[in-house]
Amino acid sequence: MGAAFAITSNPLIALDFAHAQSLLAVGVKDFGLAERWRYQRLVQEPQLPESVFDIGTFTEPNLELLAEIKPLAILHSKEWPTDTAQLRRIAPLVEMSIYTGAPAPLDRARQALLRIAEIAGEGRRASDYLAGFDERMRTFRDRLRLFEGKRVMVLWAATPRDFWTLGSASLVHDVLDRVGLGNAITEPGDIWGWLPVTMHELARLDDVIAFHFGPIPNALDSNPFWQNLGLVRWRRLVVLPSSWLFGGVPEAERMARLLTHALEGSDHLSIN
Amino acid sequence: MVVHYVTLPRIAASMLAGAALALSGVIFQQVLRNPLVEASTLGVSGGAGLALKAAALLFPSLTWPPAMVASLGAAVAMLLTLGLASRDVASPVRLILAGLVVGLFCGVVSSVLALFFHEQLRSVFLWNAGSLVNLGWDASANIAPTLTVCALLSVCMIRPLELLDLDDHGARSLGVSVVHVRLAGLLLAVVLASVTIASVGVIGFIGIAAPAIVRLGGIRRFRSRLIAAPLLGASLLWFADQITQANPLFPNKLPTGVITAILGGPLMLWMLQGLRGARMGGAGQHIGASARFEPPRLSIAVSACALTLLIWTSLSLGRNLDGWIWHGVLDVNAVLEWRWPRVIAAGLAGAMLATAGVMIQRVTGNAIASPEILGISSGAAMGVAILFLFDPAAAHVVKVAAASGGAFVVLAFTFALMRHASGSPERMVLTGVALATVFGAFLSAITARFDPRIVGLLSWLAGSTYSVTANDVVVLALVALGLAAIVPFTMRWLEILPLGEVTARELGVDLRRSRLMLLLISALLTGAAVLTIGPLSFVGLMAPHLARMAGFRSPFVQLTMSAILGAFIMVAADWLGRNLLFPHQIPAGMLAALVGTPYFMYLMSRRPG
């Protein structure tokens with residue numbers, strides 16, 4: 001794995017995809033990222049430029065490599081545990097945890113973005129970016145005026161037998177809030193906001209609009225229970241493009257944009 | 001509608017699966033004359049799981065039903081297990097050990113997949129943990145016909161199967177073709193178990209628990225057991241599933257497979273107590289007296305030199321982003337301080353595990369015993385896994401404490417076992433097997449949790465030297481040296497014990513004391529090594545065996561050669577692991593197991609003993 005470019009002296013290292021998104025949002029393009037291949041598979045935007053290099057896995061960032069390139073700082077979070085004892089010997093560690101199970105991860109994501117920008121020397125661009133973000137969110141909220149206060153939820157069929165939803169500890173909850181929709185799921189869930197949903201509960205949630213990020217598993221097409229669910233029968237299930245759902249501010253913007261596009265063009269939904 | 005589509009299918013599936021697993025267990029146990037064999041202890045579940053994961057990754061567009069893929073994998077695993085034990089089918093211990101090795105190998109390969117492809121395999125991991133959530137009628141539709149057919153077939157075979165209660169000679173003299181009956185029975189049991197496992201996931205211990213309870217209840221005759229056990233199995237699994245649903249303790253509902261493991265594991269361990277003079281089969285691979293011929297001591301010196309060379313290379317040659325680069329060991333460079341603790345720790349741990357392996361093999365008189373099989377490494381791993389449930393981001397020191405705790409618990413249990421009965425070695429081996437299986441179920445449950453942080457746990461379990469610091473190496477070295485100083489005093493025991501209990505007593509060896517001491521030393525060696533490189537490397541199994549096969553048989557020579565071989569294997573594994581996929585690192589233990597296990601299986605199938 002030869003480096004076709006010269007690595008910046010004292011680059012930043014990101015051990016969390018949310019931090020990587022923040023770095024890209026403020027214009028830093030050459031940093032080290034753990035599990036670069038996984039980012040490319042999971043996260044749709046922002047895309048990784050070639051100049052972002054791989055440094056190993058989250059739990060085992062390559063110590064020899066890091067020792068050689070002498071990073072400026074290593075940005076990590078508690079939700080992606082890593083061996084801080086070893087890393088501390090190489091570079092200063094900056095811990096910013098966004099997903100802690102406490103409400104309002106979007107605020108924490110904003111704080112993280114500002115702090116990262118400060119370390120990278122791009123404080124100005126960060127405030128510009130956040131101002132733009134707020135503006136765009138206001139626009140989305142405007143466009144969704146018709147759905148103001150509507151109860152919605154996120155549904156995810158991990159497998160044809162295994163359904164999950166996101167509660168108040170999740171980023172998507174904040175996003176729904178910002179665009180004027182209401183999350184029907186009020187429990188916090190785990191640190192990411194995940195909650196399992198049983199079939200019984202699904203049958204009861206008839207009057208909400210459900211968002212499904214990613215394609216529905218094929219096997220459900222022939223599942224009589226699924227086809228009989230109120231959600232599916234009355235077309236209250238909106239299928240959105242795959243998204244990671246757990247990033248920083250750029251991820252929140254992506255989700256808001258996808259939601260808005262889907263609901264705007266949704267004259268097939270029975271709204272009452 | 002909910003009742004029709006969700007509740008009823010779940011009840012039906014749990015009862016059918018329970019009955020099928022119990023029936024399969026009864027047949028397995030009758031054929032193999034061992035109350036502890038069932039699908040999960042024979043490698044069948046491991047094979048099924050691996051087949052599903054491999055199919056999901058390598059052939060994502062495959063439209064074969066999962067039941068078929070899993071059954072294929074299960075069949076291959078069973079064939080492998082049988083093949084490994086083929087020379088010694090009369091020895092149930094040998095068979096269980098073969099099944100364990102196959103199962104563990106499947107587990108290792110699955111771990112590699114888990115390490116790199118976690119998200120995509122989520123459905124398979126959930127299946128692996130035996131979850132009955134949201135099952136439709138498909139599961140019952142799969143199991144019911146198979147169960148009916150197999151039940152009918154087994155009723156047809158009642159007579160010949162019953163005659164297996166006699167020993168082989170007796171059965172043959174009554175006109176029963178022992179081999180054919182056995183094979184037919186095994187096939188039946190495997191198919192039954194595979195289809196069930198493929199439909200509802202890995203649910204262990206029903207196949208052991210139901211027949212055992214039935215027997216305890218006084219039902220002795222095979223034909224009665226054949227009917228009673230499935231009925232009991234159906235109730236047991238239904239009951240376990242009800243507990244799963246009513247469980248208020250865990251926010252993420254525990255899969256049923258974990259409940260059966262938590263309930264069934266202790267049952268199995270308790271049953272081991274009552275295993276009185278059960279025909280454990282012959283000696284398996286007996287170690288016997290030292291061979292008269294031995295390779296010259298020169299070979300040891302040569303091997304030691306090779307090891308030194310390897311260590312030197314491992315410290316100097318490596319990769320960075322620009323490609324391969326050689327640092328002289330004596331030059332000051334940035335990477336050496338990171339490399340040397342890992343290399344030395346890997347070598348020490350390998351040597352320690354190998355030494356422990358030699359001791360355990362001589363104490364039990366069985367060349368297939370090892371620290372992994374004795375369950376000590378399972379205990380350590382279980383300690384860390386339990387810690388993980390409460391605090392996924394615990395500091396290394398805390399993890400070490402948890403692992404020590406787990407290893408110690410197993411050790412204490414093993415000693416209690418030894419002091420209680422006459423300290424039968426076979427019993428200990430089976431205890432280890434039981435623990436390894438229970439732990440496997442537990443681990444599957446943790447892997448199924450929707451949590452990327454389990455990767456850290458998986459990489460430790462796989463034997464990663466990543467977190468080793470200079471201090472850890474010093475501690476490890478001290479422990480190793482301290483124990484190595486005691487070892488020469490045990491030479492006489494190591495020489496005599498493999499000759500058998502009677503001979504040993506005649507020669508004046510205090511059986512209990514010598515076994516206790518040797519096992520204590522082995523356990524300490526294992527514990528320290530496992531805490532450094534994880535529990536799954538198989539080095540404690542491989543190195544002593546390789547040494548013995550190369551002709552090194554007398555205790556001192558075998559110990560030395562095993563230690564050198566063990567160190568060699570681990571240093572090589574560590575070096576390859578650090579460089580093959582730079583900057584990603586493959587854990588050393590995992591690499592050792594990935595390479596070592598197939599080789600070992602090949603050896604096992606070749607030599608009769």
# chains A, B, ... in the order shown; residues from 1 in each chain; ligands from 1
call {"tool": "residues_around", "arguments": {"residues": "Leu258 (chain A)", "least_positions_apart": "2", "cutoff": "12 Å", "atoms": "only C-alpha atoms", "output": "PyMOL selection string"}}
result
chain A and resi 137+140+144+172+175-176+179+211-214+238-243+245+251-256+260-265
call {"tool": "residues_around", "arguments": {"residues": "Pro46 (chain A)", "least_positions_apart": "4", "cutoff": "8 Å", "atoms": "only C-alpha atoms", "output": "NGL selection string"}}
result
:A and (21 or 24-25 or 250)
call {"tool": "closest_residue", "arguments": {"among": "A:Pro81, A:Pro92, A:Pro188, A:Pro215", "to": "chain B", "atoms": "only C-alpha atoms"}}
result
A:Pro81
call {"tool": "closest_atom_pairs", "arguments": {"of": "chain A", "to": "chain B", "cutoff": "8 Å", "atoms": "only C-alpha atoms", "output": "tab-separated table"}}
result
residue	atom	partner	partner_atom	distance
A:Met1	CA	B:Leu321	CA	5.9
A:Gly2	CA	B:Asp322	CA	4.3
A:Ala3	CA	B:Leu321	CA	5.6
A:Asp54	CA	B:Pro583	CA	7.1
A:Ile55	CA	B:Pro583	CA	5.7
A:Gly56	CA	B:His584	CA	4.4
A:Thr57	CA	B:His584	CA	6.2
A:Thr59	CA	B:Gly456	CA	5.6
A:Glu60	CA	B:Tyr466	CA	6.8
A:Pro61	CA	B:His584	CA	7.7
A:Asn62	CA	B:Pro583	CA	5.8
A:Leu63	CA	B:Trp338	CA	6.9
A:Glu64	CA	B:Val335	CA	5.2
A:Leu65	CA	B:Asn320	CA	6.3
A:Ala67	CA	B:Ala334	CA	6.3
A:Glu68	CA	B:Ala334	CA	6.2
A:Lys78	CA	B:Ala393	CA	7.7
A:Glu79	CA	B:Arg453	CA	7.5
A:Trp80	CA	B:Arg453	CA	6.2
A:Pro81	CA	B:Ala393	CA	5.7
A:Thr82	CA	B:Gly456	CA	7.8
A:Asp83	CA	B:Ser467	CA	7.1
A:Gln86	CA	B:Ser467	CA	7.0
A:Ala158	CA	B:Ser123	CA	7.1
A:Thr159	CA	B:Ser123	CA	5.8
A:Arg161	CA	B:Asn134	CA	4.9
A:Asp162	CA	B:Asn134	CA	6.8
A:Leu195	CA	B:Asn252	CA	8.0
A:Pro196	CA	B:Asn252	CA	7.2
A:Thr198	CA	B:Asn134	CA	7.3
A:Met199	CA	B:Asn134	CA	6.7
A:His200	CA	B:Val2	CA	6.4
A:Ala203	CA	B:Val2	CA	7.5
A:Phe225	CA	B:Tyr5	CA	6.2
call {"tool": "residues_around", "arguments": {"residues": "Met68 (chain B)", "least_positions_apart": "6", "cutoff": "12 Å", "atoms": "only C-alpha atoms", "output": "VMD selection string"}}
result
chain B and resid 48 to 49 51 to 52 55 62 74 to 75 142 191 194 to 199
call {"tool": "write_last_selection", "arguments": {"atoms": "all heavy atoms", "output": "short mmCIF file (atom, residue, chain, number, x, y, z; two decimals), in the first residue's frame"}}
result
data_model
loop_
_atom_site.label_atom_id
_atom_site.label_comp_id
_atom_site.auth_asym_id
_atom_site.auth_seq_id
_atom_site.Cartn_x
_atom_site.Cartn_y
_atom_site.Cartn_z
N ALA B 48 -22.41 -25.31 10.15
CA ALA B 48 -23.59 -24.67 9.58
C ALA B 48 -23.42 -23.15 9.58
O ALA B 48 -23.68 -22.48 8.58
CB ALA B 48 -24.82 -25.07 10.38
N GLY B 49 -22.98 -22.61 10.70
CA GLY B 49 -22.80 -21.16 10.81
C GLY B 49 -21.79 -20.63 9.82
O GLY B 49 -22.01 -19.63 9.15
N ALA B 51 -20.89 -21.95 6.99
CA ALA B 51 -21.41 -22.04 5.63
C ALA B 51 -22.29 -20.83 5.31
O ALA B 51 -22.19 -20.23 4.25
CB ALA B 51 -22.19 -23.34 5.44
N LEU B 52 -23.14 -20.47 6.27
CA LEU B 52 -24.03 -19.33 6.04
C LEU B 52 -23.25 -18.04 5.87
O LEU B 52 -23.54 -17.23 4.99
CB LEU B 52 -25.01 -19.18 7.20
CG LEU B 52 -26.26 -20.03 7.11
CD1 LEU B 52 -27.09 -19.83 8.35
CD2 LEU B 52 -27.06 -19.67 5.88
N ALA B 55 -21.40 -18.04 2.56
CA ALA B 55 -22.34 -17.84 1.45
C ALA B 55 -22.76 -16.38 1.36
O ALA B 55 -22.82 -15.80 0.28
CB ALA B 55 -23.55 -18.74 1.63
N LEU B 62 -26.63 -15.74 -4.34
CA LEU B 62 -27.12 -17.12 -4.30
C LEU B 62 -28.55 -17.18 -3.80
O LEU B 62 -28.90 -16.54 -2.82
CB LEU B 62 -26.22 -17.93 -3.35
CG LEU B 62 -26.24 -19.44 -3.51
CD1 LEU B 62 -25.70 -19.81 -4.87
CD2 LEU B 62 -25.39 -20.07 -2.42
N ALA B 74 -23.14 -28.14 7.75
CA ALA B 74 -23.19 -29.05 8.89
C ALA B 74 -22.71 -30.44 8.49
O ALA B 74 -21.96 -31.09 9.22
CB ALA B 74 -24.62 -29.13 9.42
N ALA B 75 -23.12 -30.87 7.31
CA ALA B 75 -22.72 -32.20 6.85
C ALA B 75 -21.21 -32.27 6.66
O ALA B 75 -20.56 -33.24 7.07
CB ALA B 75 -23.44 -32.53 5.54
N ASN B 142 -40.36 -26.03 7.83
CA ASN B 142 -39.12 -26.75 7.52
C ASN B 142 -38.90 -27.93 8.44
O ASN B 142 -38.46 -28.99 8.03
CB ASN B 142 -37.92 -25.80 7.65
CG ASN B 142 -37.75 -24.93 6.43
OD1 ASN B 142 -38.20 -25.30 5.35
ND2 ASN B 142 -37.14 -23.79 6.61
N VAL B 191 -28.85 -34.80 10.03
CA VAL B 191 -29.84 -34.13 9.18
C VAL B 191 -30.89 -33.44 10.03
O VAL B 191 -31.25 -32.27 9.82
CB VAL B 191 -30.49 -35.15 8.23
CG1 VAL B 191 -31.73 -34.54 7.60
CG2 VAL B 191 -29.52 -35.56 7.15
N SER B 194 -29.32 -30.39 11.64
CA SER B 194 -29.00 -29.32 10.68
C SER B 194 -30.23 -28.54 10.27
O SER B 194 -30.21 -27.32 10.24
CB SER B 194 -28.39 -29.90 9.40
OG SER B 194 -27.35 -30.74 9.69
N VAL B 195 -31.27 -29.26 9.92
CA VAL B 195 -32.46 -28.56 9.46
C VAL B 195 -33.02 -27.68 10.57
O VAL B 195 -33.42 -26.53 10.34
CB VAL B 195 -33.52 -29.56 8.97
CG1 VAL B 195 -34.83 -28.86 8.70
CG2 VAL B 195 -33.03 -30.26 7.71
N THR B 196 -33.01 -28.21 11.77
CA THR B 196 -33.50 -27.42 12.89
C THR B 196 -32.64 -26.18 13.11
O THR B 196 -33.14 -25.07 13.22
CB THR B 196 -33.49 -28.26 14.19
OG1 THR B 196 -34.16 -29.47 13.95
CG2 THR B 196 -34.13 -27.50 15.32
N ILE B 197 -31.33 -26.39 13.16
CA ILE B 197 -30.42 -25.27 13.40
C ILE B 197 -30.55 -24.25 12.29
O ILE B 197 -30.52 -23.04 12.52
CB ILE B 197 -28.97 -25.77 13.53
CG1 ILE B 197 -28.83 -26.57 14.81
CG2 ILE B 197 -28.01 -24.62 13.52
CD1 ILE B 197 -27.47 -27.24 14.93
N ALA B 198 -30.67 -24.73 11.06
CA ALA B 198 -30.76 -23.80 9.94
C ALA B 198 -32.03 -22.97 10.02
O ALA B 198 -32.06 -21.82 9.58
CB ALA B 198 -30.72 -24.57 8.63
N SER B 199 -33.07 -23.53 10.59
CA SER B 199 -34.32 -22.79 10.62
C SER B 199 -34.40 -21.82 11.79
O SER B 199 -34.89 -20.71 11.63
CB SER B 199 -35.50 -23.77 10.73
OG SER B 199 -35.42 -24.71 9.71
#
call {"tool": "atom_distance", "arguments": {"atom1": "CA of Pro103 (chain A)", "atom2": "CA of Gly182 (chain A)"}}
result
14.6 Å
call {"tool": "atom_distance", "arguments": {"atom1": "CA of Ala210 (chain A)", "atom2": "CA of Leu42 (chain A)"}}
result
21.6 Å
